[in-house]
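A.B. asks: Can you keep this structure in mind? I'll have questions shortly.
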Amino acid sequence: MDNKQLAVYFIAGTPNCPKSIEQTLEEAIKGGITMFQFREKGKGALVGEAKKETALRLQLICREAGIPFIVNDDIELAIEIGADGVHIGQEDKAASIVRDKIKGGIVGVSVHTMEEFEEAIKDGADYVGTGPIYATVTKSDTRPVAGTSLIRRMKERYPEFPVVGIGGITLETAGAVMEAGADGVSIITAISMADDPAEAAAYLKKEMQ
Ligand SMILES: Cc1ncc(COP(=O)(O)OP(=O)(O)O)c(N)n1
Ligand SMILES: Cc1ncsc1CCOP(=O)(O)O
Ligand SMILES: [Mg+2]
């Protein structure tokens with residue numbers, strides 16, 4: 001994949017969006033996000049048909065904007081609707097199995113150590129997400145806050161392999177994540193809860209250049 005696609009990687013599900021998720025995504029796209037992950041998790045999250053219908057609407061918005069539409073965790077849904085890819089963590093299905101199922105699509109894997117990073121590369125991941133870089137209120141079952149040092153080490157060893165930071169990243173801290181060598185920032189709250197998601201995304205886009 002082109003590392004530039006990861007620059008401003010917006011992630012959201014309906015519980016993260018005070019406005020409708022469709023409107024939030026459209027505004028974020030106007031601001032210049034480069035990739036989107038549908039992560040339908042947490043209190044009040046949609047399931048079944050409602051989740052699928054929302055996924056299809058968001059997929060169409062991404063397709064029209066020319067940005068990849070990635071599904072979090074739900075490999076079956078990703079395959080069923082023909083998403084551009086999936087993102088899985090260490091507690092999800094093994095990356096090597098997902099790689100086989102997703103064929104030519106994008107496979108993203110969460111990693112927290114150099115060992116997990118090298119394993120993900122061997123398993124055929126297209127990019128990795130690592131964090132939480134900073135404290136986050138969005139996900140409770142995270143590893144300890146990591147800061148940017150692992151990103152620095154990963155990019156020293158594998159300069160070309162695409163890496164994004166995730167967790168508690170704000171407009172103020174995104175620059176430090178890039179400074180450490182990341183190809184992009186993965187963000188929920190700082191875009192989805194912004195008064196103006198387009199403005200937040202545009203600011204981040206500028207920071208990443
Ligand atoms: C880009 C990106 N990086 C990391 C994650 C976290 O994935 P995971 O550890 O599986 O946790 P959940 O998001 O499934 O709660 C991610 N989603 N995206
Ligand atoms: C999904 C995920 N994985 C590690 S931290 C996190 C939450 C990121 O959300 P926010 O950008 O609101 O901190
Ligand atoms: Mg997961």
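Ordered as shown in the structure tokens, chains take letters A, B, and onward, while each chain numbers its residues from 1 and ligands are numbered from 1 in the order shown.
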Once you count only C-alpha atoms and all ligand atoms, which residues end up within 10 Å of ligand 2, and could you hand them over as a PDB file with C-alpha atoms, in the first residue's frame?

C.D. replies:
```
ATOM      1  CA  PHE A  10     -10.014   8.406  10.877  1.00  0.00           C
ATOM      2  CA  ILE A  11     -11.725   5.657  12.891  1.00  0.00           C
ATOM      3  CA  ALA A  12     -15.316   5.785  14.135  1.00  0.00           C
ATOM      4  CA  ASN A  16     -18.254   7.922  18.871  1.00  0.00           C
ATOM      5  CA  ARG A  39     -15.215   0.415  14.314  1.00  0.00           C
ATOM      6  CA  LYS A  41     -17.970  -0.988  19.296  1.00  0.00           C
ATOM      7  CA  ASN A  72     -12.549  -3.290  12.358  1.00  0.00           C
ATOM      8  CA  GLY A  89      -5.707  -6.835  16.973  1.00  0.00           C
ATOM      9  CA  SER A 110      -2.297  -3.844  16.062  1.00  0.00           C
ATOM     10  CA  VAL A 111       1.133  -4.392  17.625  1.00  0.00           C
ATOM     11  CA  HIS A 112       2.652  -3.421  20.960  1.00  0.00           C
ATOM     12  CA  GLY A 129      -1.168   0.376  14.253  1.00  0.00           C
ATOM     13  CA  THR A 130       0.585   0.800  17.574  1.00  0.00           C
ATOM     14  CA  GLY A 131      -0.523   2.332  20.851  1.00  0.00           C
ATOM     15  CA  PRO A 132      -1.997   3.690  22.959  1.00  0.00           C
ATOM     16  CA  ILE A 133       0.571   6.407  22.382  1.00  0.00           C
ATOM     17  CA  TYR A 134      -1.203   8.627  24.929  1.00  0.00           C
ATOM     18  CA  ALA A 135      -3.972   8.058  27.471  1.00  0.00           C
ATOM     19  CA  THR A 136      -7.346   7.482  25.828  1.00  0.00           C
ATOM     20  CA  VAL A 137     -10.899   7.447  27.113  1.00  0.00           C
ATOM     21  CA  THR A 138     -12.215   5.713  24.006  1.00  0.00           C
ATOM     22  CA  LYS A 139     -10.970   2.176  24.682  1.00  0.00           C
ATOM     23  CA  SER A 140     -10.735   0.722  28.180  1.00  0.00           C
ATOM     24  CA  ASP A 141      -9.035  -2.608  27.424  1.00  0.00           C
ATOM     25  CA  THR A 142      -5.774  -1.142  26.156  1.00  0.00           C
ATOM     26  CA  ARG A 143      -2.143  -1.954  26.913  1.00  0.00           C
ATOM     27  CA  PRO A 144      -0.255   0.599  29.040  1.00  0.00           C
ATOM     28  CA  VAL A 145       0.427   3.992  27.497  1.00  0.00           C
ATOM     29  CA  GLY A 165       0.176   5.638  15.957  1.00  0.00           C
ATOM     30  CA  ILE A 166      -3.127   5.408  17.814  1.00  0.00           C
ATOM     31  CA  GLY A 167      -4.578   6.368  21.173  1.00  0.00           C
ATOM     32  CA  GLY A 168      -5.247   9.786  22.695  1.00  0.00           C
ATOM     33  CA  ILE A 169      -3.691  11.631  19.754  1.00  0.00           C
ATOM     34  CA  THR A 170      -4.859  15.232  19.497  1.00  0.00           C
ATOM     35  CA  VAL A 185      -2.078   9.135  12.953  1.00  0.00           C
ATOM     36  CA  SER A 186      -5.173   7.059  13.711  1.00  0.00           C
ATOM     37  CA  ILE A 187      -7.738   9.175  15.444  1.00  0.00           C
ATOM     38  CA  ILE A 188     -11.224   8.775  16.865  1.00  0.00           C
ATOM     39  CA  THR A 189     -12.153  11.509  19.388  1.00  0.00           C
ATOM     40  CA  ALA A 190     -10.110  14.427  18.080  1.00  0.00           C
ATOM     41  CA  ILE A 191     -12.111  14.262  14.846  1.00  0.00           C
ATOM     42  CA  SER A 192     -15.439  12.605  15.762  1.00  0.00           C
ATOM     43  CA  MET A 193     -16.078  14.829  18.802  1.00  0.00           C
TER      44      MET A 193
END
```

A.B. asks: Write down as number ranges by chain the residues of range 5-181 of chain A whose backbone DSSP state falls under alpha helix (DSSP H).

C.D. replies: A: 21-31, 48-65, 75-81, 95-102, 114-123, 149-157, 174-179

A.B. asks: Work out how far apart CA of Ile33 in chain A and CA of Glu116 in chain A are and give it in Å to one decimal.

C.D. replies: 27.4 Å

A.B. asks: DSSP on the backbone, strand (DSSP E or B) only: what residues of chain A does that give? Format it as a VMD selection string.

C.D. replies: chain A and resid 8 to 12 35 to 38 69 to 72 85 to 88 106 to 111 127 to 130 163 to 166 184 to 187

A.B. asks: What gap, in Å, lies between CA of Gly105 in chain A and CA of Met154 in chain A?

C.D. replies: 23.4 Å

A.B. asks: May I ask you to write as a PDB file with C-alpha atoms, in the first residue's frame all residues lying at most 7 Å from ligand 3, with only C-alpha atoms and all ligand atoms counted?

C.D. replies:
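Below is the file out_17.pdb, written as the result:
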```pdb
ATOM      1  CA  ASN A  72     -12.549  -3.290  12.358  1.00  0.00           C
ATOM      2  CA  ASP A  73     -12.595  -6.872  13.712  1.00  0.00           C
ATOM      3  CA  HIS A  87      -8.043  -4.166  10.940  1.00  0.00           C
ATOM      4  CA  ILE A  88      -7.378  -6.822  13.578  1.00  0.00           C
ATOM      5  CA  GLY A  89      -5.707  -6.835  16.973  1.00  0.00           C
ATOM      6  CA  GLU A  91      -6.924 -10.625  20.565  1.00  0.00           C
ATOM      7  CA  ASP A  92      -8.670 -11.090  17.218  1.00  0.00           C
TER       8      ASP A  92
END
```

A.B. asks: Need the shell around Lys51 in chain A: protein/DNA/RNA residues with any atom at most 10 Å away, counting only C-alpha atoms. Skip same-chain ones fewer than 4 positions apart. Format as a PDB file with N, CA and C atoms, in the first residue's frame?

C.D. replies:
```
ATOM      1  N   GLY A  13     -17.245   4.698  15.012  1.00  0.00           N
ATOM      2  CA  GLY A  13     -18.477   3.924  14.997  1.00  0.00           C
ATOM      3  C   GLY A  13     -19.565   4.854  15.490  1.00  0.00           C
ATOM      4  N   THR A  14     -20.818   4.417  15.423  1.00  0.00           N
ATOM      5  CA  THR A  14     -21.906   5.326  15.817  1.00  0.00           C
ATOM      6  C   THR A  14     -21.764   5.829  17.261  1.00  0.00           C
ATOM      7  N   PHE A  38     -14.320   1.612   9.980  1.00  0.00           N
ATOM      8  CA  PHE A  38     -15.616   1.484  10.655  1.00  0.00           C
ATOM      9  C   PHE A  38     -15.409   0.558  11.861  1.00  0.00           C
ATOM     10  N   GLU A  40     -17.396  -0.354  14.966  1.00  0.00           N
ATOM     11  CA  GLU A  40     -18.704  -0.283  15.620  1.00  0.00           C
ATOM     12  C   GLU A  40     -18.631  -1.057  16.933  1.00  0.00           C
ATOM     13  N   ALA A  45     -23.679   0.140  20.446  1.00  0.00           N
ATOM     14  CA  ALA A  45     -23.187  -0.180  19.096  1.00  0.00           C
ATOM     15  C   ALA A  45     -24.215  -0.985  18.315  1.00  0.00           C
ATOM     16  N   LEU A  46     -24.286  -0.714  17.022  1.00  0.00           N
ATOM     17  CA  LEU A  46     -25.222  -1.436  16.153  1.00  0.00           C
ATOM     18  C   LEU A  46     -24.735  -2.866  15.950  1.00  0.00           C
ATOM     19  N   VAL A  47     -25.683  -3.765  15.741  1.00  0.00           N
ATOM     20  CA  VAL A  47     -25.332  -5.157  15.407  1.00  0.00           C
ATOM     21  C   VAL A  47     -26.205  -5.607  14.223  1.00  0.00           C
ATOM     22  N   ALA A  55     -22.693   0.185   7.512  1.00  0.00           N
ATOM     23  CA  ALA A  55     -21.407  -0.079   6.855  1.00  0.00           C
ATOM     24  C   ALA A  55     -21.512   0.190   5.354  1.00  0.00           C
ATOM     25  N   LEU A  56     -22.591  -0.247   4.751  1.00  0.00           N
ATOM     26  CA  LEU A  56     -22.764  -0.054   3.304  1.00  0.00           C
ATOM     27  C   LEU A  56     -22.859   1.431   2.946  1.00  0.00           C
ATOM     28  N   LEU A  77     -18.110  -9.525   7.857  1.00  0.00           N
ATOM     29  CA  LEU A  77     -18.790  -8.353   7.278  1.00  0.00           C
ATOM     30  C   LEU A  77     -17.921  -7.740   6.171  1.00  0.00           C
TER      31      LEU A  77
END
```

A.B. asks: Mind checking which residues fall within 10 Å of Glu207 in chain A, counting only C-alpha atoms, ignoring those fewer than 6 positions away in the same chain, and posting them as a PyMOL selection string?

C.D. replies: chain A and resi 7-8+171-176+178+201

A.B. asks: Can I get the selection written as a short mmCIF file (atom, residue, chain, number, x, y, z; two decimals), in the first residue's frame, with C-alpha atoms?

C.D. replies:
```cif
data_model
loop_
_atom_site.label_atom_id
_atom_site.label_comp_id
_atom_site.auth_asym_id
_atom_site.auth_seq_id
_atom_site.Cartn_x
_atom_site.Cartn_y
_atom_site.Cartn_z
CA ALA A 7 -1.55 10.10 6.94
CA VAL A 8 -4.89 10.97 8.55
CA LEU A 171 -4.25 18.18 17.19
CA GLU A 172 -1.54 19.25 19.62
CA THR A 173 0.29 15.89 19.80
CA ALA A 174 -0.04 14.59 16.22
CA GLY A 175 3.18 16.36 15.21
CA ALA A 176 5.20 14.44 17.85
CA MET A 178 5.01 12.04 12.98
CA ALA A 201 -9.11 16.86 9.83
#
```

A.B. asks: Could you check how far CA of Ala95 in chain A sits from CA of Val107 in chain A, in Å to one decimal?

C.D. replies: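 CA of Val107 in chain A lies at a distance of 7.9 Å from CA of Ala95 in chain A.
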
A.B. asks: Give the answer as one residue: which of A:Leu60, A:Ile121, A:Ile102, A:Val128 has the shortest atom-to-atom distance to Ile79 in chain A, using only C-alpha atoms?

C.D. replies: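 Ranked by minimum distance to Ile79 in chain A, first place goes to A:Ile102.
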
A.B. asks: Restricting the calculation to only C-alpha atoms, which member of A:Ile106, A:Leu6, A:Met1, A:Ile97 is positioned closest to Asp123 in chain A?

C.D. replies: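 Under the stated criterion, the closest residue is A:Ile97.
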
A.B. asks: Rank A:Ala202, A:Ala65, A:Ala180, A:Val71 by their smallest atom-to-atom distance to ligand 1, using only C-alpha atoms and all ligand atoms, and report the top residue only.

C.D. replies: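 Selected residue with least distance to ligand 1: A:Val71.
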
A.B. asks: Neighbouring residues of Tyr158 in chain A were defined as those with any atom within 12 Å, considering only C-alpha atoms; residues of the same chain fewer than 2 positions away were excluded. Please report them as a PyMOL selection string.

C.D. replies: chain A and resi 114+117-118+121+127-128+150-156+160-163+181-182

A.B. asks: My list of candidates is A:Gly184, A:Pro15, A:Gly31, A:Gly104. Which is closest to ligand 1 when distances are computed with only C-alpha atoms and all ligand atoms?

C.D. replies: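 Checking each candidate against ligand 1, we get A:Gly184 as the closest.
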
A.B. asks: For ligand 1, which of A:Glu26, A:Glu64, A:Asp183, A:Asp100 is the closest residue, counting only C-alpha atoms and all ligand atoms?

C.D. replies: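 Checking each candidate against ligand 1, we get A:Asp183 as the closest.
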